[in-house]
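Report on the following structure.
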Amino acid sequence: MISKSGMAATSASTFSIGSAVSVGSRGSRLPQTKLSAARFASRNSLTSFSGLKAATTVSCETEASFVAKESSAALRGSFAPKAQKANQGSGYGLQPVASYKVAILGAGGGIGQPLSLLIKMSPLVSTLNLYDIANVKGVAADLSHCNTPSQVLDFTGPSELGNCLKGVNVVVIPAGVPRKPGMTRDDLFNINANIVKTLVEAVADNCPDAFIHIISNPVNSTVPIAAEVLKQKGVYNPKKLFGVTTLDVVRANTFVAQKKNLKLIDVDVPVVGGHAGITILPLLSKTKPSVTFTDEEVEQLTVRIQNGGTEVVEAKAGAGSATLSMAYAAARFVESSLRALDGDGDVYECAFVQSDLTDLPFFASRIKLGRNGVEALSPSDLTGLTEYEEKALEALKPELKTSIEKGIAFVQKQPVTA
């Protein structure tokens, strides 16, 4: 979203996007579990908003409007001492210099279009490459009229995929078919598995060092598919492959704030496990700020968070799935990655990644992001759980294990192209 004041001629314009973009002369730290605003104020008044380039000198001050100080300290404290030590003294003063290339594969779809718009709003993106098998040229033309820094380029069909990916820093993959009423994420597997496999093969060939964000469902299977493809290509880096589960966190924060009448800016609920049904486990006992739930509230909130996607599919009555909230959540994760790449030493998100927190090869938990991808996991996420959470964790493991193995087997049966 963008606030109206961000478009006006003011001395301190506000630009809000789906993640914490903090720009600060004081180099303030900001955990990435929330949305916040970035305030750009030049020493001289900005005469207009034109892609943040009106100001030659930008003096910015962090406004952690969606992160409570208490939550920030708790989140940092939950990570490994090694990660904390590495982060000490790494004050981050972000200058809004557009210097990163982002590619969205599936940019013409229901998630791809609003996601492309949100990424176009990022002050860190210099080039936005949009790819799809059809209907992407118009999307690119439309977005190219927005007066933000990034250049928008369109690429259509397999013959142009390689050029779309060359030199890209972050690849986002929302490509695939959406869920329809009565369809489970597993029903999507046969269609979307091959799409993801083909696209990741191209990523491996053209930008193997890029951060890869997998949105295409079922994420519990498509991330292992991507990993196997990258392994067969000899370029797998587990620190740079992410299943985007941010929407589960966004929903958890929203629903908890509504249920307990809390200020949304203060709420932080870690969500672990996977990204489908019972594999989604919100750790309500670890909600920040600390709040008490009845057993009934825990059950109701957990089920609603797990079935958030189904809630939207049914409400749209066959007209689509959770495209807008997914685009918002994905944009937040992209912005987190860009901030990490740009040197912010205090970026945290939940994501489905290769993990040793459980006996499963992939697991969603809070991670610390850095220039090289995943810098640390959060072991404390799985300690001190309630009895309800312990049982739910054990219950989700067999289903998540099956989904992971299904993805791995898919690639092993269909070797990647040379």
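Residues in the structure tokens are numbered from 1 in each chain, the chains being A, B, ... in the order shown, and ligands are numbered from 1 in the order shown.
Shell of Leu400 of chain A at 10 Å, with only C-alpha atoms counted and residues fewer than 4 places along the chain excluded, is Asn220, Ser221, Gly273, Gly274, His275, Ala276, Gly277, Ile278, Thr279, Ile280, Leu360, Phe362, Phe363, Ala395, Leu396, Ile404, Glu405 and Lys406 of chain A.
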Non-local contacts of Ala322 of chain A (10 Å; only C-alpha atoms; under 4 positions in same chain excluded) as a PyMOL selection string: chain A and resi 110-111+178-179+247+308-313+315-316+326-327
Selection file, C-alpha atoms, as an mmCIF file, in the first residue's frame:
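Output (part.cif):
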data_model
loop_
_atom_site.group_PDB
_atom_site.id
_atom_site.type_symbol
_atom_site.label_atom_id
_atom_site.label_comp_id
_atom_site.auth_asym_id
_atom_site.auth_seq_id
_atom_site.Cartn_x
_atom_site.Cartn_y
_atom_site.Cartn_z
ATOM 1 C CA GLY A 110 -3.658 -13.313 -10.204
ATOM 2 C CA ILE A 111 -0.762 -13.106 -7.747
ATOM 3 C CA PRO A 178 -4.659 -21.266 -8.525
ATOM 4 C CA ARG A 179 -6.765 -23.241 -6.106
ATOM 5 C CA LEU A 247 1.076 -15.073 4.410
ATOM 6 C CA GLY A 308 -7.157 -18.944 5.707
ATOM 7 C CA GLY A 309 -6.657 -19.813 2.064
ATOM 8 C CA THR A 310 -9.813 -21.925 1.968
ATOM 9 C CA GLU A 311 -11.741 -19.067 3.593
ATOM 10 C CA VAL A 312 -10.834 -16.801 0.672
ATOM 11 C CA VAL A 313 -11.403 -19.455 -2.018
ATOM 12 C CA ALA A 315 -15.664 -16.356 -0.380
ATOM 13 C CA LYS A 316 -14.629 -15.775 -3.995
ATOM 14 C CA MET A 326 -0.510 -13.462 -1.059
ATOM 15 C CA ALA A 327 0.932 -10.699 -3.231
#
Tell me which of A:Leu301, A:Leu230, A:Asp268, A:Asp187 sits closest to Ala210 of chain A, counting only C-alpha atoms.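 Ranking A:Leu301, A:Leu230, A:Asp268, A:Asp187 by distance to Ala210 of chain A, first place goes to A:Leu230.
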DSSP on the backbone, helix (DSSP H, G or I) only: what residues of segment 183-365 of chain A does that give? Format it as number ranges by chain. A: 185-206, 219-232, 238-240, 246-260, 264-266, 277-279, 284-286, 295-306, 308-316, 323-341
Nearby residues (only C-alpha atoms) at most 10 Å from segment 135-152 of chain A, same-chain spacing under 6 positions excluded, as a compact mmCIF listing (two decimals) with N, CA, C and O atoms, in the first residue's frame:
# COMPACT_ATOMS: atom_id res chain seq x y z
N PHE A 49 7.02 13.91 -5.59
CA PHE A 49 7.39 12.50 -5.41
C PHE A 49 7.54 11.91 -6.80
O PHE A 49 6.59 11.80 -7.55
N SER A 50 8.77 11.58 -7.15
CA SER A 50 8.98 10.95 -8.46
C SER A 50 9.96 9.82 -8.30
O SER A 50 11.13 9.91 -8.61
N GLY A 51 9.45 8.74 -7.76
CA GLY A 51 10.29 7.55 -7.61
C GLY A 51 11.42 7.73 -6.64
O GLY A 51 12.46 7.10 -6.79
N LEU A 52 11.26 8.59 -5.64
CA LEU A 52 12.25 8.81 -4.58
C LEU A 52 13.50 9.50 -5.07
O LEU A 52 14.45 9.66 -4.34
N LYS A 53 13.52 9.93 -6.34
CA LYS A 53 14.75 10.51 -6.86
C LYS A 53 14.77 12.04 -6.78
O LYS A 53 15.70 12.67 -7.23
N PRO A 96 18.07 5.00 -0.17
CA PRO A 96 17.15 4.47 -1.17
C PRO A 96 17.75 4.50 -2.57
O PRO A 96 17.36 5.30 -3.41
N VAL A 97 18.76 3.68 -2.79
CA VAL A 97 19.40 3.59 -4.09
C VAL A 97 18.93 2.33 -4.78
O VAL A 97 19.15 1.22 -4.30
N ALA A 98 18.28 2.49 -5.90
CA ALA A 98 17.77 1.34 -6.63
C ALA A 98 18.92 0.61 -7.31
O ALA A 98 19.56 1.15 -8.20
N SER A 99 19.22 -0.61 -6.86
CA SER A 99 20.40 -1.29 -7.39
C SER A 99 20.21 -2.80 -7.56
O SER A 99 21.17 -3.50 -7.85
N TYR A 100 18.99 -3.30 -7.40
CA TYR A 100 18.78 -4.75 -7.48
C TYR A 100 17.79 -5.11 -8.57
O TYR A 100 16.82 -4.40 -8.81
N LYS A 101 18.07 -6.25 -9.20
CA LYS A 101 17.20 -6.75 -10.26
C LYS A 101 16.33 -7.87 -9.71
O LYS A 101 16.82 -8.82 -9.10
N VAL A 102 15.05 -7.76 -9.95
CA VAL A 102 14.08 -8.76 -9.49
C VAL A 102 13.32 -9.30 -10.71
O VAL A 102 12.89 -8.54 -11.57
N ALA A 103 13.16 -10.62 -10.75
CA ALA A 103 12.37 -11.25 -11.81
C ALA A 103 11.16 -11.93 -11.20
O ALA A 103 11.28 -12.63 -10.19
N GLY A 106 5.66 -15.61 -13.81
CA GLY A 106 4.22 -15.77 -13.63
C GLY A 106 3.59 -14.42 -13.34
O GLY A 106 2.61 -14.31 -12.61
N ALA A 107 4.17 -13.37 -13.93
CA ALA A 107 3.78 -12.00 -13.61
C ALA A 107 2.41 -11.61 -14.17
O ALA A 107 1.85 -10.59 -13.76
N GLY A 108 1.87 -12.41 -15.07
CA GLY A 108 0.58 -12.06 -15.65
C GLY A 108 -0.61 -12.62 -14.90
O GLY A 108 -1.76 -12.34 -15.25
N GLY A 109 -0.35 -13.40 -13.86
CA GLY A 109 -1.42 -14.09 -13.14
C GLY A 109 -2.03 -13.29 -12.01
O GLY A 109 -1.72 -12.12 -11.79
N GLY A 112 0.72 -12.63 -9.59
CA GLY A 112 1.82 -11.95 -10.27
C GLY A 112 1.58 -10.47 -10.54
O GLY A 112 2.49 -9.65 -10.37
N GLN A 113 0.37 -10.12 -10.92
CA GLN A 113 0.11 -8.72 -11.26
C GLN A 113 0.16 -7.79 -10.04
O GLN A 113 0.91 -6.81 -10.05
N PRO A 114 -0.60 -8.06 -8.98
CA PRO A 114 -0.47 -7.18 -7.81
C PRO A 114 0.91 -7.25 -7.17
O PRO A 114 1.40 -6.24 -6.65
N SER A 116 3.72 -7.63 -8.80
CA SER A 116 4.57 -6.79 -9.65
C SER A 116 4.39 -5.31 -9.30
O SER A 116 5.36 -4.55 -9.25
N LEU A 117 3.16 -4.91 -9.05
CA LEU A 117 2.90 -3.52 -8.66
C LEU A 117 3.60 -3.17 -7.36
O LEU A 117 4.25 -2.12 -7.24
N ILE A 119 6.21 -4.64 -5.97
CA ILE A 119 7.67 -4.63 -6.13
C ILE A 119 8.11 -3.39 -6.91
O ILE A 119 9.18 -2.83 -6.66
N LYS A 120 7.28 -2.94 -7.84
CA LYS A 120 7.59 -1.71 -8.59
C LYS A 120 7.70 -0.52 -7.65
O LYS A 120 8.41 0.46 -7.92
N MET A 121 7.05 -0.58 -6.50
CA MET A 121 7.08 0.50 -5.52
C MET A 121 8.33 0.50 -4.66
O MET A 121 8.59 1.47 -3.95
N SER A 122 9.12 -0.55 -4.72
CA SER A 122 10.30 -0.64 -3.86
C SER A 122 11.39 0.32 -4.31
O SER A 122 11.77 0.34 -5.49
N PRO A 123 11.96 1.08 -3.38
CA PRO A 123 13.05 1.99 -3.73
C PRO A 123 14.38 1.28 -3.97
O PRO A 123 15.35 1.91 -4.37
N LEU A 124 14.43 -0.02 -3.71
CA LEU A 124 15.68 -0.77 -3.87
C LEU A 124 15.79 -1.48 -5.21
O LEU A 124 16.84 -2.03 -5.54
N VAL A 125 14.73 -1.49 -5.99
CA VAL A 125 14.72 -2.24 -7.25
C VAL A 125 15.07 -1.34 -8.42
O VAL A 125 14.44 -0.31 -8.65
N SER A 126 16.08 -1.74 -9.19
CA SER A 126 16.49 -0.98 -10.38
C SER A 126 15.83 -1.51 -11.64
O SER A 126 15.49 -0.76 -12.55
N THR A 127 15.67 -2.84 -11.68
CA THR A 127 15.08 -3.47 -12.86
C THR A 127 14.08 -4.53 -12.42
O THR A 127 14.38 -5.36 -11.55
N LEU A 128 12.90 -4.49 -13.00
CA LEU A 128 11.86 -5.46 -12.70
C LEU A 128 11.53 -6.22 -13.98
O LEU A 128 10.95 -5.67 -14.91
N ASN A 129 11.95 -7.48 -14.02
CA ASN A 129 11.71 -8.32 -15.19
C ASN A 129 10.46 -9.16 -14.98
O ASN A 129 10.38 -9.93 -14.02
Proximity to Ser321 of chain A - best of A:Asn261, A:Asn169, A:Asn217, A:Thr287, only C-alpha atoms: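 Of A:Asn261, A:Asn169, A:Asn217, A:Thr287, the one nearest Ser321 of chain A is A:Asn217, counting only C-alpha atoms.
Between Thr198 of chain A and the candidates A:Gln414, A:Thr156, A:Thr294, A:Gln306, the tightest atom-to-atom separation, counting only C-alpha atoms, involves A:Gln414.
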Provide the atom CA of Phe211 of chain A to atom CA of Leu241 of chain A distance in Å, to one decimal place. 6.2 Å
Let me make sure I understand: among A:Asn194, A:Asn237, A:Asp346, A:Tyr388, which one has the smallest atom-to-atom distance to Glu297 of chain A if we use only C-alpha atoms?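 Distance minimum relative to Glu297 of chain A lands on A:Tyr388.
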